[in-house]
Structures are given as C-alpha cells and as structure tokens.
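Engineer: Have a look at this one.
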Amino acid sequence: MKVGLIGLGIMGKPMAKNILKAGYDLTVNDLHQANVDEVVKAGAKSASNIEIGQTCDVVLTMLPNSPQVKEVMLGENGVAAHMRPGTVFIDMSSINPMASKEIAAELAKRGIEMLDAPVSGGEPKAIDGTLSFMVGGKQEVFDRFKPLLQTMGASVVRCGDIGAGNTTKLANQIIVACNIQALSEALVMAKKAGVDPELVFQAIRGGLAGSTVMEAKAPMMLQGNDKPGFKIDLHIKDLNNALECAHSVGAPVPMTAAVQEVFQWLHHHGCGQDDHSSIIKYYKMLTGIESL
Ligand code: NAD
C-alpha cells in the first residue's frame, strides 16, 4: 500500500517516522523543506501534493485547521482532483466536524472515501506511537485502515460516521481546557490564602479532583514552566470550532465560552505560543502573585 502524508509539523513528523518504522511505503510533503528532509532521511520519499494524490492509495493530512485541509484537498491544485476513485483520504488534523462532512461530500462525488481521525496525546505520544485516535467514517473503511493508524496510536476508536472523530476531539478539548482553568483558579486561590500550592497538589492528587490534566499540568504551574506542549493559540482554534459546532446544533457551552475568553486575553498579552497551562498566568496577573 502506498501511503502519502501532507503536514510534517510538531505532530506529523514523528507520526511519519512511526509509519516508516512499521514498513509502509511513505511519500511526504510540507511547506517547510527542512521538515521534509528530516523525514526523507528516515526513509520516506518526497513529492508534491499533486504527485501524492496521483500515486498514493491512501492520503493522510496533519495540518493546522479546516481552511488548510480544505485548501490542500479541494483548492486550486488540490490533491482530491488527482486521486483515483477507490483511494482513501484520512484527515488526522483537529478541524471543525462540519468541515470534515463538507470535504467528505466533495470526495464522495469522485469515488473517494474519507475518515476524520484526529488525535489526542501531543508530541511525546506522537514520538512513542501511543496517540489516541478518535475516528469518524464508514465501518468498513475504518476496519481496512485501523492497522495503519495503529502504527501511530495505542488506542484507535471509531466514534461514528464522518465528523464523529472531530466532534469527539472537540469534547476532549472542552474537558481539558475547563480542567486547566479550574486547576489554575484553585492553586492561585490556595496561594493567596497562604497555603502552599505544592502541598495542595500532593494532598488532593489521589482524590476525586485528581486527573490526567492535574498530573501533567500542576507540576508545570508549580515550576512556572510555560514551554509548549500544546499552545494556547491552537487551543483557541479548537474552542472556536467547539463554539461554532455547539451553536450550530443548539448545545449550551457556557464553560467553554468562559475559558475561551481567558485564552483570548492571554493571546493579547503575548502568551499565544505558551503551553495551555499558562492559563495560570491570567490568575497570577490579576492577583499579583508572581510564583506559586
Ligand atoms: P504544526 O503547525 O506544527 O504543523 C502543521 C504543518 O502543516 C506545518 O509543518 C506546515 O508547514 C504544514 N502545512 C501547512 N499548510 C501546508 C500545505 N499547504 N502543504 C503542506 N504542508 C502544509 O501543527 P501540529 O502541532 O503538528 O498540529 C497539527 C494538527 O494536530 C492540528 O490540527 C493540531 O490541533 C492537532 N494536534 C496537535 C497536538 C499538539 O500537541 N501539537 C496534539 C493533538 C492534536
């Protein structure tokens, strides 16, 4: 099977290397030649987006958001126009589920099937090949390509028809953002009240408030470490998609709207490229606390 992958950023690069390790014939492209060169060194071939469409049995993308995926697949010189009927497109980017459905409908006119297959886990799990995939699309297409996704992920779950993968990813992003905000608010409140936030963390991490978010982000907050991880600007993108999706289906998401306002404030205070645990900076600035 010939596999194509377009988008070799923080996530796409290590994911490409894991596909290669599993022995697949992989052809790649990215706007940045240095990213392409690194993956070619690991054994991939390099080609233009159009050549990838012409030659590959399955085309994968790992791009920033809906506009980039639409442009790469359906824009002028888009990949879709060059793919053969019977080939498959798998988008692993986190995009708006409505955009996934629009792209799938266009591809269906050309006899091309699509899965939306965003991931959770970030760069460390992309490197280890232990990402969690949440997938939307037809069962038989999912079954055929699950082994390919398993070269990059430890968990690969079909959540429903096309768009269900990205809807699940939006749910994930809402839960993570609200958790980080609650954790920030609580640790700064403890500090302001004169209790050591490190001891608060140690005392509560094993109880009901403990969480994967707490384990990953509390140490970063306590150390004042804002190195991404997952950038605030990317989380703003995901929550914009969540708000748009929620508004279109009539689901109330007041907590998502509140945390998005905090992210926006941080973006305008120069923190857009910091890790999303930097929500704590909002509370620090408002309380005058410099470190936990
Ligand atoms: P990134 O910005 O590091 O990488 C995107 C890559 O796409 C870049 O290398 C860019 O050059 C390339 N690109 C853009 N347009 C292109 C085009 N027309 N042709 C070829 N290449 C093009 O982003 P990332 O962190 O790798 O994230 C990718 C997706 O994965 C996003 O949707 C993000 O939300 C999601 N995601 C990221 C993380 C994370 O921790 N970084 C975790 C889970 C999911």
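Note on naming: chains are A, B, ... as they come in the structure tokens, residues start from 1 per chain, ligands start from 1 in the order shown.
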Step by step, measure atom-to-atom distances between ligand 1 and each residue using only C-alpha atoms and all ligand atoms, keep those at most 8 Å, then write them as a ChimeraX atom specification.

Structural biologist: /A:6-13,29-32,35,49,62-65,68-69,71-72,92-95,118-123,228-231,234-235,237-238

Engineer: Next, the residues of the selection above should be written as a short mmCIF file (atom, residue, chain, number, x, y, z; two decimals), in the first residue's frame with N, CA, C and O atoms.

Structural biologist:
data_model
loop_
_atom_site.label_atom_id
_atom_site.label_comp_id
_atom_site.auth_asym_id
_atom_site.auth_seq_id
_atom_site.Cartn_x
_atom_site.Cartn_y
_atom_site.Cartn_z
N ILE A 6 0.76 14.58 4.19
CA ILE A 6 0.99 16.02 3.97
C ILE A 6 0.83 16.73 5.31
O ILE A 6 -0.23 16.62 5.95
N GLY A 7 1.88 17.48 5.73
CA GLY A 7 1.86 18.18 7.01
C GLY A 7 2.80 17.50 7.99
O GLY A 7 2.46 16.50 8.62
N LEU A 8 4.03 18.03 8.07
CA LEU A 8 5.07 17.42 8.90
C LEU A 8 5.52 18.41 9.98
O LEU A 8 6.68 18.78 10.05
N GLY A 9 4.56 18.85 10.81
CA GLY A 9 4.89 19.78 11.89
C GLY A 9 5.26 19.01 13.15
O GLY A 9 5.78 17.90 13.09
N ILE A 10 4.96 19.63 14.30
CA ILE A 10 5.28 19.01 15.59
C ILE A 10 4.76 17.57 15.64
O ILE A 10 5.44 16.66 16.10
N MET A 11 3.55 17.36 15.14
CA MET A 11 2.92 16.04 15.22
C MET A 11 3.23 15.17 14.00
O MET A 11 3.51 13.98 14.13
N GLY A 12 3.10 15.76 12.80
CA GLY A 12 3.22 14.98 11.57
C GLY A 12 4.57 14.31 11.40
O GLY A 12 4.66 13.17 10.91
N LYS A 13 5.63 14.99 11.84
CA LYS A 13 6.99 14.45 11.66
C LYS A 13 7.17 13.12 12.42
O LYS A 13 7.51 12.11 11.82
N ASN A 29 5.02 15.47 2.10
CA ASN A 29 5.24 16.86 1.70
C ASN A 29 4.91 17.80 2.85
O ASN A 29 4.10 17.47 3.73
N ASP A 30 5.57 18.97 2.85
CA ASP A 30 5.30 20.03 3.83
C ASP A 30 5.77 21.33 3.19
O ASP A 30 6.59 21.33 2.27
N LEU A 31 5.25 22.46 3.68
CA LEU A 31 5.68 23.75 3.15
C LEU A 31 7.14 24.01 3.52
O LEU A 31 7.83 24.76 2.82
N HIS A 32 7.59 23.40 4.64
CA HIS A 32 8.97 23.64 5.09
C HIS A 32 9.88 22.49 4.67
O HIS A 32 9.72 21.36 5.13
N ASN A 35 11.57 20.16 7.25
CA ASN A 35 10.73 19.09 7.82
C ASN A 35 10.71 17.89 6.89
O ASN A 35 10.80 16.75 7.32
N ASN A 49 2.23 17.82 -3.50
CA ASN A 49 0.89 17.37 -3.10
C ASN A 49 0.19 16.66 -4.25
O ASN A 49 -0.47 15.64 -4.07
N MET A 62 -1.95 16.10 8.21
CA MET A 62 -1.79 16.53 9.61
C MET A 62 -1.49 18.03 9.56
O MET A 62 -0.34 18.47 9.69
N LEU A 63 -2.54 18.80 9.33
CA LEU A 63 -2.44 20.25 9.06
C LEU A 63 -3.09 21.04 10.20
O LEU A 63 -3.78 20.46 11.03
N PRO A 64 -2.90 22.37 10.24
CA PRO A 64 -3.39 23.12 11.40
C PRO A 64 -4.91 23.11 11.60
O PRO A 64 -5.39 22.83 12.70
N ASN A 65 -5.70 23.43 10.55
CA ASN A 65 -7.14 23.64 10.80
C ASN A 65 -7.94 23.44 9.50
O ASN A 65 -7.35 23.18 8.44
N GLN A 68 -6.85 25.03 6.00
CA GLN A 68 -5.66 24.41 5.38
C GLN A 68 -6.03 23.06 4.77
O GLN A 68 -5.58 22.72 3.66
N VAL A 69 -6.87 22.27 5.47
CA VAL A 69 -7.24 20.95 4.94
C VAL A 69 -8.09 21.13 3.67
O VAL A 69 -7.88 20.45 2.67
N GLU A 71 -8.03 23.71 1.63
CA GLU A 71 -7.16 24.23 0.57
C GLU A 71 -6.31 23.11 -0.04
O GLU A 71 -6.25 22.97 -1.26
N VAL A 72 -5.69 22.31 0.82
CA VAL A 72 -4.81 21.23 0.33
C VAL A 72 -5.61 20.20 -0.47
O VAL A 72 -5.17 19.72 -1.51
N MET A 92 -6.05 13.61 9.81
CA MET A 92 -5.72 13.42 11.23
C MET A 92 -5.64 14.76 11.97
O MET A 92 -5.38 14.79 13.18
N SER A 93 -5.84 15.88 11.24
CA SER A 93 -5.82 17.21 11.86
C SER A 93 -7.05 17.36 12.76
O SER A 93 -8.04 16.66 12.59
N SER A 94 -6.99 18.32 13.70
CA SER A 94 -8.17 18.64 14.51
C SER A 94 -8.88 19.79 13.82
O SER A 94 -8.40 20.93 13.88
N ILE A 95 -10.02 19.51 13.19
CA ILE A 95 -10.73 20.56 12.46
C ILE A 95 -12.21 20.55 12.85
O ILE A 95 -12.65 19.71 13.63
N PRO A 118 -8.80 12.63 14.15
CA PRO A 118 -7.92 13.47 14.97
C PRO A 118 -7.34 12.66 16.14
O PRO A 118 -7.83 11.57 16.44
N VAL A 119 -6.32 13.23 16.75
CA VAL A 119 -5.62 12.50 17.81
C VAL A 119 -5.56 13.32 19.10
O VAL A 119 -5.69 14.55 19.07
N SER A 120 -5.32 12.61 20.18
CA SER A 120 -5.01 13.27 21.44
C SER A 120 -3.74 12.63 21.99
O SER A 120 -3.46 11.46 21.71
N GLY A 121 -2.95 13.43 22.72
CA GLY A 121 -1.73 12.85 23.29
C GLY A 121 -0.51 13.76 23.14
O GLY A 121 0.41 13.66 23.92
N GLY A 122 -0.52 14.62 22.12
CA GLY A 122 0.59 15.57 21.98
C GLY A 122 1.87 14.95 21.47
O GLY A 122 1.93 13.75 21.16
N GLU A 123 2.92 15.79 21.41
CA GLU A 123 4.18 15.38 20.79
C GLU A 123 4.81 14.13 21.44
O GLU A 123 5.26 13.23 20.72
N PRO A 228 5.61 24.91 25.46
CA PRO A 228 4.57 24.03 24.88
C PRO A 228 5.22 22.72 24.41
O PRO A 228 6.34 22.77 23.92
N GLY A 229 4.63 21.60 24.54
CA GLY A 229 3.29 21.14 24.77
C GLY A 229 2.28 21.58 23.70
O GLY A 229 2.52 21.50 22.52
N PHE A 230 1.19 21.94 24.20
CA PHE A 230 0.07 22.35 23.34
C PHE A 230 -0.14 23.85 23.53
O PHE A 230 -0.38 24.31 24.64
N LYS A 231 -0.04 24.59 22.41
CA LYS A 231 -0.04 26.06 22.50
C LYS A 231 -1.44 26.64 22.72
O LYS A 231 -2.42 26.13 22.18
N LEU A 234 -3.39 27.20 19.56
CA LEU A 234 -4.04 26.01 18.98
C LEU A 234 -5.31 25.67 19.75
O LEU A 234 -6.30 25.24 19.18
N HIS A 235 -5.27 25.91 21.08
CA HIS A 235 -6.46 25.61 21.87
C HIS A 235 -7.58 26.61 21.55
O HIS A 235 -8.76 26.26 21.54
N LYS A 237 -8.05 27.86 18.63
CA LYS A 237 -8.59 27.33 17.37
C LYS A 237 -9.61 26.23 17.65
O LYS A 237 -10.72 26.22 17.11
N ASP A 238 -9.26 25.30 18.54
CA ASP A 238 -10.16 24.17 18.84
C ASP A 238 -11.44 24.66 19.51
O ASP A 238 -12.53 24.18 19.20
#

Engineer: Could you name the residues that touch region 209-215 of chain A at 10 Å or less, counting only C-alpha atoms, but leaving out those on the same chain fewer than 6 positions away, as a ChimeraX atom specification?

Structural biologist: /A:175-177,179-180,182-184,201-203,221,277

Engineer: Could you turn the residues from that selection into a file that holds all heavy atoms, as a short mmCIF file (atom, residue, chain, number, x, y, z; two decimals), in the first residue's frame?

Structural biologist:
data_model
loop_
_atom_site.label_atom_id
_atom_site.label_comp_id
_atom_site.auth_asym_id
_atom_site.auth_seq_id
_atom_site.Cartn_x
_atom_site.Cartn_y
_atom_site.Cartn_z
N ILE A 175 -13.11 19.55 27.74
CA ILE A 175 -12.84 18.98 29.07
C ILE A 175 -11.44 19.39 29.54
O ILE A 175 -11.25 19.80 30.69
CB ILE A 175 -13.01 17.45 29.04
CG1 ILE A 175 -14.48 17.10 28.78
CG2 ILE A 175 -12.52 16.82 30.34
CD1 ILE A 175 -14.72 15.65 28.37
N VAL A 176 -10.45 19.33 28.64
CA VAL A 176 -9.08 19.68 29.03
C VAL A 176 -8.99 21.16 29.41
O VAL A 176 -8.41 21.52 30.45
CB VAL A 176 -8.09 19.34 27.88
CG1 VAL A 176 -6.71 19.94 28.16
CG2 VAL A 176 -7.98 17.83 27.70
N ALA A 177 -9.57 22.05 28.60
CA ALA A 177 -9.47 23.49 28.87
C ALA A 177 -10.14 23.85 30.19
O ALA A 177 -9.57 24.61 31.00
CB ALA A 177 -10.11 24.28 27.72
N ASN A 179 -10.69 21.92 32.74
CA ASN A 179 -9.87 21.35 33.82
C ASN A 179 -8.68 22.23 34.15
O ASN A 179 -8.36 22.46 35.31
CB ASN A 179 -9.33 19.98 33.38
CG ASN A 179 -10.12 18.84 33.95
OD1 ASN A 179 -9.94 18.48 35.10
ND2 ASN A 179 -10.99 18.28 33.15
N ILE A 180 -8.00 22.71 33.11
CA ILE A 180 -6.81 23.55 33.34
C ILE A 180 -7.22 24.85 34.02
O ILE A 180 -6.54 25.34 34.93
CB ILE A 180 -6.05 23.84 32.03
CG1 ILE A 180 -5.47 22.54 31.45
CG2 ILE A 180 -4.92 24.84 32.26
CD1 ILE A 180 -4.77 22.71 30.11
N ALA A 182 -9.85 25.33 36.01
CA ALA A 182 -10.22 25.04 37.41
C ALA A 182 -8.97 24.84 38.26
O ALA A 182 -8.87 25.35 39.38
CB ALA A 182 -11.10 23.80 37.46
N LEU A 183 -7.99 24.13 37.70
CA LEU A 183 -6.74 23.86 38.42
C LEU A 183 -6.00 25.18 38.71
O LEU A 183 -5.52 25.41 39.83
CB LEU A 183 -5.88 22.92 37.57
CG LEU A 183 -4.55 22.45 38.13
CD1 LEU A 183 -4.74 21.65 39.43
CD2 LEU A 183 -3.82 21.57 37.10
N SER A 184 -5.93 26.06 37.71
CA SER A 184 -5.24 27.35 37.88
C SER A 184 -5.92 28.18 38.96
O SER A 184 -5.27 28.75 39.85
CB SER A 184 -5.29 28.15 36.57
OG SER A 184 -4.74 27.43 35.52
N PHE A 201 -1.49 20.22 45.92
CA PHE A 201 -1.39 19.22 44.85
C PHE A 201 -1.17 17.82 45.43
O PHE A 201 -1.86 16.86 45.11
CB PHE A 201 -0.27 19.64 43.90
CG PHE A 201 0.10 18.62 42.85
CD1 PHE A 201 -0.87 17.97 42.09
CD2 PHE A 201 1.44 18.31 42.61
CE1 PHE A 201 -0.52 17.03 41.12
CE2 PHE A 201 1.80 17.37 41.64
CZ PHE A 201 0.81 16.73 40.90
N GLN A 202 -0.17 17.72 46.35
CA GLN A 202 0.16 16.41 46.93
C GLN A 202 -1.03 15.84 47.71
O GLN A 202 -1.28 14.63 47.67
CB GLN A 202 1.37 16.52 47.88
CG GLN A 202 2.68 16.88 47.19
CD GLN A 202 3.05 15.94 46.04
OE1 GLN A 202 2.62 14.79 46.00
NE2 GLN A 202 3.81 16.45 45.08
N ALA A 203 -1.77 16.73 48.39
CA ALA A 203 -2.87 16.25 49.24
C ALA A 203 -4.07 15.79 48.42
O ALA A 203 -4.77 14.86 48.84
CB ALA A 203 -3.29 17.37 50.20
N MET A 221 2.80 24.28 36.35
CA MET A 221 2.35 25.52 37.00
C MET A 221 3.23 25.82 38.22
O MET A 221 3.62 26.97 38.45
CB MET A 221 0.89 25.39 37.43
CG MET A 221 -0.08 25.30 36.26
SD MET A 221 -1.76 24.99 36.85
CE MET A 221 -2.63 24.86 35.28
N SER A 277 -1.26 25.40 29.82
CA SER A 277 -1.26 25.51 31.29
C SER A 277 -0.98 26.95 31.74
O SER A 277 -1.17 27.27 32.91
CB SER A 277 -0.21 24.57 31.90
OG SER A 277 1.06 24.85 31.37
#

Engineer: Near Val262 (chain A), counting only C-alpha atoms, which residues have an atom at most 9 Å away, once you skip same-chain residues fewer than 3 positions from it, shown as a PyMOL selection string?

Structural biologist: chain A and resi 181+258-259+265-267+279+282
